[in-house]
Amino acid sequence: MIEDEAVRRWRAAAPGAVLLDGFHAVKHALRFGADIRAAVTADKAATLRLAAELAPDLTGRLADQLSEIPAGALRDLLTRVHPTGVAGLAARRDRGANLADLARLPRLAPVVVLDQPRNLGNVGAVVRLAAGFAVTGVVTTGDLDPWHPNAVRSGAGLHYATAVEHRDAAELPPGPLWVLDPEGEDIRATALPDDALIVFGSERHGVSDELRARADALVALPMRAQVSSYNLATSVGMALYHWAATSRSPLVPGLA
Ligand SMILES: C[S@@+](CC[C@H](N)C(=O)[O-])C[C@H]1O[C@@H](n2cnc3c(N)ncnc32)[C@H](O)[C@@H]1O
């Protein structure tokens, strides 16, 4: 039966694959060239109606790639079924290609560095920002995997739209280190270079002494006295907005 075959294909693809949890994750992964190994739904007609409304560019590909399986089988495959009732499995983006993208010079859009982040929701939110601002990529240091399923979930499948990799602090890509810290100079007085590594500290401890010591510049986001700091992902959003507002790079969305 077709449904058994779809379940078998899912189970065979699952080890080592990235779970795309929900319609938006599958949509973004497809748009940005992910190698989708399996995609399932309990109601293909409803999913295609959703696609016609939200992603008409993908209706044909979803019609080809989505398999319908019974709701019970979907629940068996997934620990939690997304409200949109859709899930996919994709190969992780190639690490060698990501590292080459991150290292390539000249660089026309910054790399975001998250120094030892603790919260996978923040990591995914930052990947989503990096994708939206079309920056070169996101590098994390520390012990979290930026491709952890919870980070991919909050990144809405946009890990395929930018280069996301873990590196040791000693092996960051080349480029000047612009460190975001409430103690720095007002960011509005300067423009962030297109080739910068824009560094953000961990939620609890801020930027490590090691990266602070290597900083080429230390800059602060405007903040009222008595407020200690902003959330990590919102800080990245403000800094990337500042880059986009001041850069003449052809990669700034809407400038080309
Ligand atoms: C939640 S904050 C870290 C707070 C931490 N307790 C500290 O002492 O820095 C996470 C990161 O967001 C960035 N950040 C937050 N507020 C900022 C601000 N006003 N200016 C510049 N960066 C900021 C910094 O990179 C910071 O390390």
# chains A, B, ... in the order shown; residues from 1 in each chain; ligands from 1
>>> residues_around(residues="region 78-86 of chain A", least_positions_apart="6", cutoff="10 Å", atoms="only C-alpha atoms", output="ChimeraX atom specification")
/A:19-26,39-44,46-47,50,66-68,71
>>> residues_around(residues="Ala151 (chain A)", least_positions_apart="5", cutoff="8 Å", atoms="only C-alpha atoms", output="number ranges by chain")
A: 120-125, 146
>>> write_last_selection(atoms="N, CA and C atoms", output="compact mmCIF listing (two decimals), in the first residue's frame")
# COMPACT_ATOMS: atom_id res chain seq x y z
N LEU A 120 17.96 27.19 22.71
CA LEU A 120 17.83 26.77 21.31
C LEU A 120 16.77 27.58 20.58
N GLY A 121 15.77 28.08 21.32
CA GLY A 121 14.77 28.95 20.70
C GLY A 121 15.42 30.23 20.19
N ASN A 122 16.35 30.77 20.96
CA ASN A 122 17.08 31.96 20.50
C ASN A 122 17.90 31.65 19.25
N VAL A 123 18.56 30.48 19.26
CA VAL A 123 19.41 30.13 18.10
C VAL A 123 18.54 30.08 16.83
N GLY A 124 17.38 29.44 16.92
CA GLY A 124 16.51 29.36 15.75
C GLY A 124 16.00 30.72 15.33
N ALA A 125 15.64 31.55 16.31
CA ALA A 125 15.15 32.90 15.98
C ALA A 125 16.25 33.69 15.27
N PRO A 146 23.77 23.97 16.65
CA PRO A 146 22.79 24.91 16.10
C PRO A 146 21.77 24.24 15.18
>>> closest_atom_pairs(of="chain A", to="ligand 1", cutoff="10 Å", atoms="only C-alpha atoms and all ligand atoms", output="Markdown table")
| residue | atom | partner | partner_atom_place_in_ligand_line | distance |
| --- | --- | --- | --- | --- |
| A:Val113 | CA | ligand 1 | 25 (O) | 9.5 |
| A:Leu114 | CA | ligand 1 | 25 (O) | 8.2 |
| A:Asp115 | CA | ligand 1 | 27 (O) | 8.1 |
| A:Gln116 | CA | ligand 1 | 27 (O) | 9.8 |
| A:Pro117 | CA | ligand 1 | 10 (C) | 8.5 |
| A:Trp178 | CA | ligand 1 | 25 (O) | 9.9 |
| A:Val179 | CA | ligand 1 | 25 (O) | 6.7 |
| A:Leu180 | CA | ligand 1 | 22 (N) | 4.0 |
| A:Asp181 | CA | ligand 1 | 21 (C) | 3.8 |
| A:Pro182 | CA | ligand 1 | 20 (N) | 3.7 |
| A:Glu183 | CA | ligand 1 | 20 (N) | 7.1 |
| A:Gly184 | CA | ligand 1 | 21 (C) | 7.0 |
| A:Glu185 | CA | ligand 1 | 20 (N) | 9.0 |
| A:Asp186 | CA | ligand 1 | 20 (N) | 8.3 |
| A:Ile187 | CA | ligand 1 | 21 (C) | 8.2 |
| A:Ile198 | CA | ligand 1 | 25 (O) | 8.9 |
| A:Val199 | CA | ligand 1 | 25 (O) | 6.4 |
| A:Phe200 | CA | ligand 1 | 25 (O) | 3.4 |
| A:Gly201 | CA | ligand 1 | 27 (O) | 3.2 |
| A:Ser202 | CA | ligand 1 | 10 (C) | 5.1 |
| A:Glu203 | CA | ligand 1 | 1 (C) | 4.0 |
| A:Arg204 | CA | ligand 1 | 6 (N) | 4.7 |
| A:His205 | CA | ligand 1 | 5 (C) | 4.6 |
| A:Gly206 | CA | ligand 1 | 27 (O) | 3.3 |
| A:Val207 | CA | ligand 1 | 27 (O) | 4.9 |
| A:Ser208 | CA | ligand 1 | 27 (O) | 8.5 |
| A:Leu218 | CA | ligand 1 | 21 (C) | 8.4 |
| A:Val219 | CA | ligand 1 | 21 (C) | 6.1 |
| A:Ala220 | CA | ligand 1 | 20 (N) | 3.6 |
| A:Leu221 | CA | ligand 1 | 20 (N) | 3.8 |
| A:Pro222 | CA | ligand 1 | 19 (N) | 5.9 |
| A:Met223 | CA | ligand 1 | 19 (N) | 5.3 |
| A:Arg224 | CA | ligand 1 | 19 (N) | 8.6 |
| A:Ala225 | CA | ligand 1 | 19 (N) | 9.9 |
| A:Val227 | CA | ligand 1 | 19 (N) | 8.3 |
| A:Ser228 | CA | ligand 1 | 4 (C) | 7.1 |
| A:Ser229 | CA | ligand 1 | 16 (N) | 3.7 |
| A:Tyr230 | CA | ligand 1 | 16 (N) | 3.8 |
| A:Asn231 | CA | ligand 1 | 1 (C) | 4.5 |
| A:Leu232 | CA | ligand 1 | 12 (O) | 4.1 |
| A:Ala233 | CA | ligand 1 | 12 (O) | 7.3 |
| A:Thr234 | CA | ligand 1 | 12 (O) | 7.8 |
| A:Ser235 | CA | ligand 1 | 14 (N) | 5.2 |
| A:Val236 | CA | ligand 1 | 13 (C) | 7.3 |
| A:Met238 | CA | ligand 1 | 22 (N) | 9.3 |
| A:Ala239 | CA | ligand 1 | 21 (C) | 8.4 |
>>> write_last_selection(atoms="C-alpha atoms", output="JSON list (two decimals), in the first residue's frame")
[["chain", "number", "residue", "atom", "x", "y", "z"],
["A", 113, "VAL", "CA", 28.50, 34.75, 15.87],
["A", 114, "LEU", "CA", 26.62, 33.51, 18.93],
["A", 115, "ASP", "CA", 29.15, 32.96, 21.68],
["A", 116, "GLN", "CA", 28.04, 29.96, 23.77],
["A", 117, "PRO", "CA", 24.25, 30.44, 23.47],
["A", 178, "TRP", "CA", 32.39, 43.57, 16.11],
["A", 179, "VAL", "CA", 31.24, 42.66, 19.58],
["A", 180, "LEU", "CA", 27.80, 43.71, 20.83],
["A", 181, "ASP", "CA", 27.91, 44.63, 24.49],
["A", 182, "PRO", "CA", 25.91, 47.10, 26.59],
["A", 183, "GLU", "CA", 29.26, 48.61, 27.70],
["A", 184, "GLY", "CA", 30.34, 49.46, 24.15],
["A", 185, "GLU", "CA", 30.20, 52.64, 22.07],
["A", 186, "ASP", "CA", 26.78, 53.68, 20.73],
["A", 187, "ILE", "CA", 26.20, 51.61, 17.57],
["A", 198, "ILE", "CA", 29.05, 40.40, 14.59],
["A", 199, "VAL", "CA", 29.46, 38.72, 17.97],
["A", 200, "PHE", "CA", 26.76, 38.31, 20.64],
["A", 201, "GLY", "CA", 27.21, 36.85, 24.10],
["A", 202, "SER", "CA", 25.34, 34.13, 25.93],
["A", 203, "GLU", "CA", 22.03, 34.81, 27.63],
["A", 204, "ARG", "CA", 23.50, 34.40, 31.10],
["A", 205, "HIS", "CA", 27.13, 35.52, 30.90],
["A", 206, "GLY", "CA", 27.44, 37.84, 27.90],
["A", 207, "VAL", "CA", 30.49, 37.71, 25.61],
["A", 208, "SER", "CA", 33.35, 35.50, 26.81],
["A", 218, "LEU", "CA", 32.71, 46.98, 21.04],
["A", 219, "VAL", "CA", 29.31, 48.50, 20.29],
["A", 220, "ALA", "CA", 26.09, 48.97, 22.28],
["A", 221, "LEU", "CA", 22.44, 49.14, 21.31],
["A", 222, "PRO", "CA", 20.62, 52.17, 22.70],
["A", 223, "MET", "CA", 19.02, 51.21, 25.99],
["A", 224, "ARG", "CA", 17.45, 53.15, 28.85],
["A", 225, "ALA", "CA", 19.41, 53.38, 32.12],
["A", 227, "VAL", "CA", 17.67, 48.10, 31.96],
["A", 228, "SER", "CA", 20.50, 45.55, 32.06],
["A", 229, "SER", "CA", 20.28, 44.03, 28.60],
["A", 230, "TYR", "CA", 18.05, 42.92, 25.75],
["A", 231, "ASN", "CA", 17.19, 39.36, 24.84],
["A", 232, "LEU", "CA", 19.84, 37.75, 22.62],
["A", 233, "ALA", "CA", 17.69, 37.29, 19.50],
["A", 234, "THR", "CA", 16.18, 40.76, 19.69],
["A", 235, "SER", "CA", 19.72, 42.19, 19.96],
["A", 236, "VAL", "CA", 20.67, 40.36, 16.78],
["A", 238, "MET", "CA", 18.44, 45.33, 16.01],
["A", 239, "ALA", "CA", 22.08, 44.96, 14.99]]
>>> select_by_dssp(residues="region 14-159 of chain A", states="strand (DSSP E)", output="PyMOL selection string")
chain A and resi 18-21+36-41+67-68+86-90+111-114+137-140
>>> closest_residue(among="A:Val164, A:Leu105, A:Ala169, A:Leu54", to="Asp143 (chain A)", atoms="only C-alpha atoms")
A:Ala169
>>> atom_distance(atom1="CA of Phe133 (chain A)", atom2="CA of Thr190 (chain A)")
18.9 Å
>>> select_by_dssp(residues="region 40-255 of chain A", states="alpha helix (DSSP H)", output="JSON list (two decimals) with N, CA and C atoms, in the first residue's frame")
[["chain", "number", "residue", "atom", "x", "y", "z"],
["A", 44, "LYS", "N", -3.80, 15.45, 2.64],
["A", 44, "LYS", "CA", -3.06, 16.09, 1.55],
["A", 44, "LYS", "C", -3.87, 17.20, 0.89],
["A", 45, "ALA", "N", -5.18, 16.99, 0.74],
["A", 45, "ALA", "CA", -6.00, 18.02, 0.10],
["A", 45, "ALA", "C", -5.98, 19.31, 0.91],
["A", 46, "ALA", "N", -6.07, 19.18, 2.25],
["A", 46, "ALA", "CA", -6.05, 20.38, 3.11],
["A", 46, "ALA", "C", -4.69, 21.06, 3.01],
["A", 47, "THR", "N", -3.61, 20.27, 2.96],
["A", 47, "THR", "CA", -2.27, 20.86, 2.87],
["A", 47, "THR", "C", -2.10, 21.59, 1.55],
["A", 48, "LEU", "N", -2.62, 21.02, 0.49],
["A", 48, "LEU", "CA", -2.48, 21.69, -0.81],
["A", 48, "LEU", "C", -3.33, 22.96, -0.87],
["A", 49, "ARG", "N", -4.46, 22.95, -0.14],
["A", 49, "ARG", "CA", -5.25, 24.20, -0.07],
["A", 49, "ARG", "C", -4.46, 25.27, 0.68],
["A", 50, "LEU", "N", -3.78, 24.85, 1.77],
["A", 50, "LEU", "CA", -2.95, 25.78, 2.53],
["A", 50, "LEU", "C", -1.82, 26.33, 1.63],
["A", 51, "ALA", "N", -1.24, 25.44, 0.85],
["A", 51, "ALA", "CA", -0.16, 25.85, -0.05],
["A", 51, "ALA", "C", -0.68, 26.84, -1.09],
["A", 52, "ALA", "N", -1.87, 26.59, -1.61],
["A", 52, "ALA", "CA", -2.42, 27.50, -2.63],
["A", 52, "ALA", "C", -2.59, 28.90, -2.04],
["A", 53, "GLU", "N", -2.87, 28.94, -0.74],
["A", 53, "GLU", "CA", -3.09, 30.22, -0.08],
["A", 53, "GLU", "C", -1.77, 30.89, 0.31],
["A", 54, "LEU", "N", -0.83, 30.09, 0.88],
["A", 54, "LEU", "CA", 0.37, 30.68, 1.49],
["A", 54, "LEU", "C", 1.64, 30.53, 0.66],
["A", 59, "THR", "N", 2.97, 24.65, -4.85],
["A", 59, "THR", "CA", 1.88, 23.65, -4.86],
["A", 59, "THR", "C", 2.25, 22.43, -5.70],
["A", 60, "GLY", "N", 2.88, 22.66, -6.85],
["A", 60, "GLY", "CA", 3.24, 21.52, -7.72],
["A", 60, "GLY", "C", 4.22, 20.59, -7.04],
["A", 61, "ARG", "N", 5.25, 21.16, -6.41],
["A", 61, "ARG", "CA", 6.27, 20.31, -5.76],
["A", 61, "ARG", "C", 5.68, 19.59, -4.55],
["A", 62, "LEU", "N", 4.80, 20.29, -3.82],
["A", 62, "LEU", "CA", 4.18, 19.62, -2.67],
["A", 62, "LEU", "C", 3.26, 18.49, -3.13],
["A", 63, "ALA", "N", 2.56, 18.73, -4.21],
["A", 63, "ALA", "CA", 1.67, 17.68, -4.74],
["A", 63, "ALA", "C", 2.50, 16.45, -5.09],
["A", 64, "ASP", "N", 3.71, 16.66, -5.63],
["A", 64, "ASP", "CA", 4.58, 15.53, -6.01],
["A", 64, "ASP", "C", 5.18, 14.84, -4.78],
["A", 65, "GLN", "N", 5.60, 15.65, -3.80],
["A", 65, "GLN", "CA", 6.45, 15.09, -2.75],
["A", 65, "GLN", "C", 5.70, 14.63, -1.50],
["A", 71, "ALA", "N", -4.00, 9.52, 10.17],
["A", 71, "ALA", "CA", -3.64, 10.38, 11.31],
["A", 71, "ALA", "C", -2.91, 9.58, 12.40],
["A", 72, "GLY", "N", -3.34, 8.33, 12.63],
["A", 72, "GLY", "CA", -2.70, 7.51, 13.66],
["A", 72, "GLY", "C", -1.24, 7.21, 13.31],
["A", 73, "ALA", "N", -1.00, 6.95, 12.03],
["A", 73, "ALA", "CA", 0.38, 6.65, 11.59],
["A", 73, "ALA", "C", 1.25, 7.90, 11.74],
["A", 74, "LEU", "N", 0.66, 9.09, 11.46],
["A", 74, "LEU", "CA", 1.41, 10.34, 11.61],
["A", 74, "LEU", "C", 1.80, 10.54, 13.08],
["A", 75, "ARG", "N", 0.85, 10.26, 13.98],
["A", 75, "ARG", "CA", 1.14, 10.40, 15.42],
["A", 75, "ARG", "C", 2.23, 9.42, 15.85],
["A", 76, "ASP", "N", 2.24, 8.22, 15.23],
["A", 76, "ASP", "CA", 3.27, 7.24, 15.58],
["A", 76, "ASP", "C", 4.66, 7.70, 15.14],
["A", 77, "LEU", "N", 4.70, 8.42, 14.02],
["A", 77, "LEU", "CA", 6.01, 8.83, 13.48],
["A", 77, "LEU", "C", 6.59, 10.03, 14.22],
["A", 95, "ARG", "N", 28.23, 20.45, 5.59],
["A", 95, "ARG", "CA", 29.08, 21.26, 6.48],
["A", 95, "ARG", "C", 30.26, 21.88, 5.72],
["A", 96, "GLY", "N", 30.84, 21.10, 4.81],
["A", 96, "GLY", "CA", 31.99, 21.61, 4.06],
["A", 96, "GLY", "C", 31.58, 22.83, 3.23],
["A", 97, "ALA", "N", 30.42, 22.76, 2.58],
["A", 97, "ALA", "CA", 29.94, 23.88, 1.76],
["A", 97, "ALA", "C", 29.63, 25.09, 2.65],
["A", 98, "ASN", "N", 29.02, 24.83, 3.81],
["A", 98, "ASN", "CA", 28.73, 25.93, 4.74],
["A", 98, "ASN", "C", 30.02, 26.61, 5.20],
["A", 99, "LEU", "N", 31.02, 25.79, 5.57],
["A", 99, "LEU", "CA", 32.28, 26.38, 6.06],
["A", 99, "LEU", "C", 32.96, 27.18, 4.96],
["A", 100, "ALA", "N", 32.87, 26.70, 3.72],
["A", 100, "ALA", "CA", 33.46, 27.44, 2.59],
["A", 100, "ALA", "C", 32.72, 28.77, 2.41],
["A", 101, "ASP", "N", 31.38, 28.76, 2.50],
["A", 101, "ASP", "CA", 30.61, 30.02, 2.38],
["A", 101, "ASP", "C", 31.02, 31.00, 3.48],
["A", 102, "LEU", "N", 31.20, 30.46, 4.70],
["A", 102, "LEU", "CA", 31.52, 31.34, 5.83],
["A", 102, "LEU", "C", 32.92, 31.94, 5.70],
["A", 103, "ALA", "N", 33.82, 31.19, 5.09],
["A", 103, "ALA", "CA", 35.22, 31.63, 5.03],
["A", 103, "ALA", "C", 35.51, 32.50, 3.80],
["A", 120, "LEU", "N", 17.96, 27.19, 22.71],
["A", 120, "LEU", "CA", 17.83, 26.77, 21.31],
["A", 120, "LEU", "C", 16.77, 27.58, 20.58],
["A", 121, "GLY", "N", 15.77, 28.08, 21.32],
["A", 121, "GLY", "CA", 14.77, 28.95, 20.70],
["A", 121, "GLY", "C", 15.42, 30.23, 20.19],
["A", 122, "ASN", "N", 16.35, 30.77, 20.96],
["A", 122, "ASN", "CA", 17.08, 31.96, 20.50],
["A", 122, "ASN", "C", 17.90, 31.65, 19.25],
["A", 123, "VAL", "N", 18.56, 30.48, 19.26],
["A", 123, "VAL", "CA", 19.41, 30.13, 18.10],
["A", 123, "VAL", "C", 18.54, 30.08, 16.83],
["A", 124, "GLY", "N", 17.38, 29.44, 16.92],
["A", 124, "GLY", "CA", 16.51, 29.36, 15.75],
["A", 124, "GLY", "C", 16.00, 30.72, 15.33],
["A", 125, "ALA", "N", 15.64, 31.55, 16.31],
["A", 125, "ALA", "CA", 15.15, 32.90, 15.98],
["A", 125, "ALA", "C", 16.25, 33.69, 15.27],
["A", 126, "VAL", "N", 17.50, 33.48, 15.66],
["A", 126, "VAL", "CA", 18.61, 34.20, 15.03],
["A", 126, "VAL", "C", 18.84, 33.68, 13.60],
["A", 127, "VAL", "N", 18.69, 32.38, 13.41],
["A", 127, "VAL", "CA", 18.82, 31.83, 12.05],
["A", 127, "VAL", "C", 17.75, 32.46, 11.14],
["A", 128, "ARG", "N", 16.56, 32.61, 11.69],
["A", 128, "ARG", "CA", 15.47, 33.21, 10.91],
["A", 128, "ARG", "C", 15.80, 34.66, 10.55],
["A", 129, "LEU", "N", 16.39, 35.40, 11.49],
["A", 129, "LEU", "CA", 16.81, 36.78, 11.20],
["A", 129, "LEU", "C", 17.92, 36.79, 10.15],
["A", 130, "ALA", "N", 18.88, 35.90, 10.31],
["A", 130, "ALA", "CA", 19.99, 35.86, 9.36],
["A", 130, "ALA", "C", 19.48, 35.56, 7.95],
["A", 131, "ALA", "N", 18.49, 34.66, 7.86],
["A", 131, "ALA", "CA", 17.91, 34.35, 6.55],
["A", 131, "ALA", "C", 17.19, 35.56, 5.98],
["A", 132, "GLY", "N", 16.42, 36.23, 6.83],
["A", 132, "GLY", "CA", 15.64, 37.37, 6.36],
["A", 132, "GLY", "C", 16.52, 38.53, 5.90],
["A", 149, "PRO", "N", 17.10, 19.79, 16.80],
["A", 149, "PRO", "CA", 15.71, 19.88, 16.33],
["A", 149, "PRO", "C", 14.94, 21.09, 16.89],
["A", 150, "ASN", "N", 15.22, 21.48, 18.13],
["A", 150, "ASN", "CA", 14.48, 22.63, 18.69],
["A", 150, "ASN", "C", 14.92, 23.95, 18.05],
["A", 151, "ALA", "N", 16.18, 24.02, 17.64],
["A", 151, "ALA", "CA", 16.65, 25.23, 16.94],
["A", 151, "ALA", "C", 16.07, 25.27, 15.53],
["A", 152, "VAL", "N", 16.03, 24.11, 14.88],
["A", 152, "VAL", "CA", 15.45, 24.05, 13.52],
["A", 152, "VAL", "C", 13.97, 24.40, 13.60],
["A", 153, "ARG", "N", 13.30, 23.92, 14.66],
["A", 153, "ARG", "CA", 11.87, 24.21, 14.81],
["A", 153, "ARG", "C", 11.65, 25.72, 14.92],
["A", 154, "SER", "N", 12.42, 26.40, 15.78],
["A", 154, "SER", "CA", 12.16, 27.84, 15.93],
["A", 154, "SER", "C", 12.74, 28.62, 14.75],
["A", 209, "ASP", "N", 35.41, 36.30, 27.80],
["A", 209, "ASP", "CA", 36.62, 37.12, 27.87],
["A", 209, "ASP", "C", 37.48, 36.90, 26.63],
["A", 210, "GLU", "N", 37.49, 35.64, 26.14],
["A", 210, "GLU", "CA", 38.35, 35.32, 24.98],
["A", 210, "GLU", "C", 37.95, 36.16, 23.76],
["A", 211, "LEU", "N", 36.66, 36.22, 23.45],
["A", 211, "LEU", "CA", 36.25, 36.98, 22.25],
["A", 211, "LEU", "C", 36.28, 38.48, 22.52],
["A", 212, "ARG", "N", 35.98, 38.87, 23.74],
["A", 212, "ARG", "CA", 36.06, 40.30, 24.07],
["A", 212, "ARG", "C", 37.49, 40.81, 23.86],
["A", 213, "ALA", "N", 38.47, 39.98, 24.26],
["A", 213, "ALA", "CA", 39.87, 40.40, 24.12],
["A", 213, "ALA", "C", 40.27, 40.53, 22.65],
["A", 232, "LEU", "N", 18.83, 38.03, 23.64],
["A", 232, "LEU", "CA", 19.84, 37.75, 22.62],
["A", 232, "LEU", "C", 19.29, 37.92, 21.20],
["A", 233, "ALA", "N", 18.18, 37.26, 20.89],
["A", 233, "ALA", "CA", 17.69, 37.29, 19.50],
["A", 233, "ALA", "C", 17.21, 38.69, 19.11],
["A", 234, "THR", "N", 16.61, 39.40, 20.05],
["A", 234, "THR", "CA", 16.18, 40.76, 19.69],
["A", 234, "THR", "C", 17.40, 41.65, 19.46],
["A", 235, "SER", "N", 18.48, 41.41, 20.19],
["A", 235, "SER", "CA", 19.72, 42.19, 19.96],
["A", 235, "SER", "C", 20.25, 41.93, 18.55],
["A", 236, "VAL", "N", 20.21, 40.67, 18.14],
["A", 236, "VAL", "CA", 20.67, 40.36, 16.78],
["A", 236, "VAL", "C", 19.77, 41.07, 15.76],
["A", 237, "GLY", "N", 18.45, 41.08, 16.02],
["A", 237, "GLY", "CA", 17.53, 41.75, 15.10],
["A", 237, "GLY", "C", 17.87, 43.23, 14.95],
["A", 238, "MET", "N", 18.13, 43.89, 16.08],
["A", 238, "MET", "CA", 18.44, 45.33, 16.01],
["A", 238, "MET", "C", 19.78, 45.57, 15.30],
["A", 239, "ALA", "N", 20.76, 44.75, 15.60],
["A", 239, "ALA", "CA", 22.08, 44.96, 14.99],
["A", 239, "ALA", "C", 22.00, 44.72, 13.48],
["A", 240, "LEU", "N", 21.28, 43.68, 13.06],
["A", 240, "LEU", "CA", 21.19, 43.42, 11.62],
["A", 240, "LEU", "C", 20.36, 44.51, 10.93],
["A", 241, "TYR", "N", 19.36, 45.02, 11.62],
["A", 241, "TYR", "CA", 18.61, 46.13, 11.04],
["A", 241, "TYR", "C", 19.56, 47.32, 10.84],
["A", 242, "HIS", "N", 20.41, 47.58, 11.82],
["A", 242, "HIS", "CA", 21.36, 48.69, 11.70],
["A", 242, "HIS", "C", 22.31, 48.46, 10.53],
["A", 243, "TRP", "N", 22.79, 47.22, 10.39],
["A", 243, "TRP", "CA", 23.65, 46.92, 9.22],
["A", 243, "TRP", "C", 22.88, 47.21, 7.92],
["A", 244, "ALA", "N", 21.65, 46.72, 7.84],
["A", 244, "ALA", "CA", 20.89, 46.88, 6.59],
["A", 244, "ALA", "C", 20.59, 48.36, 6.31],
["A", 245, "ALA", "N", 20.41, 49.13, 7.38],
["A", 245, "ALA", "CA", 20.04, 50.54, 7.20],
["A", 245, "ALA", "C", 21.24, 51.39, 6.80],
["A", 246, "THR", "N", 22.47, 50.91, 7.07],
["A", 246, "THR", "CA", 23.64, 51.75, 6.81],
["A", 246, "THR", "C", 24.53, 51.21, 5.69]]
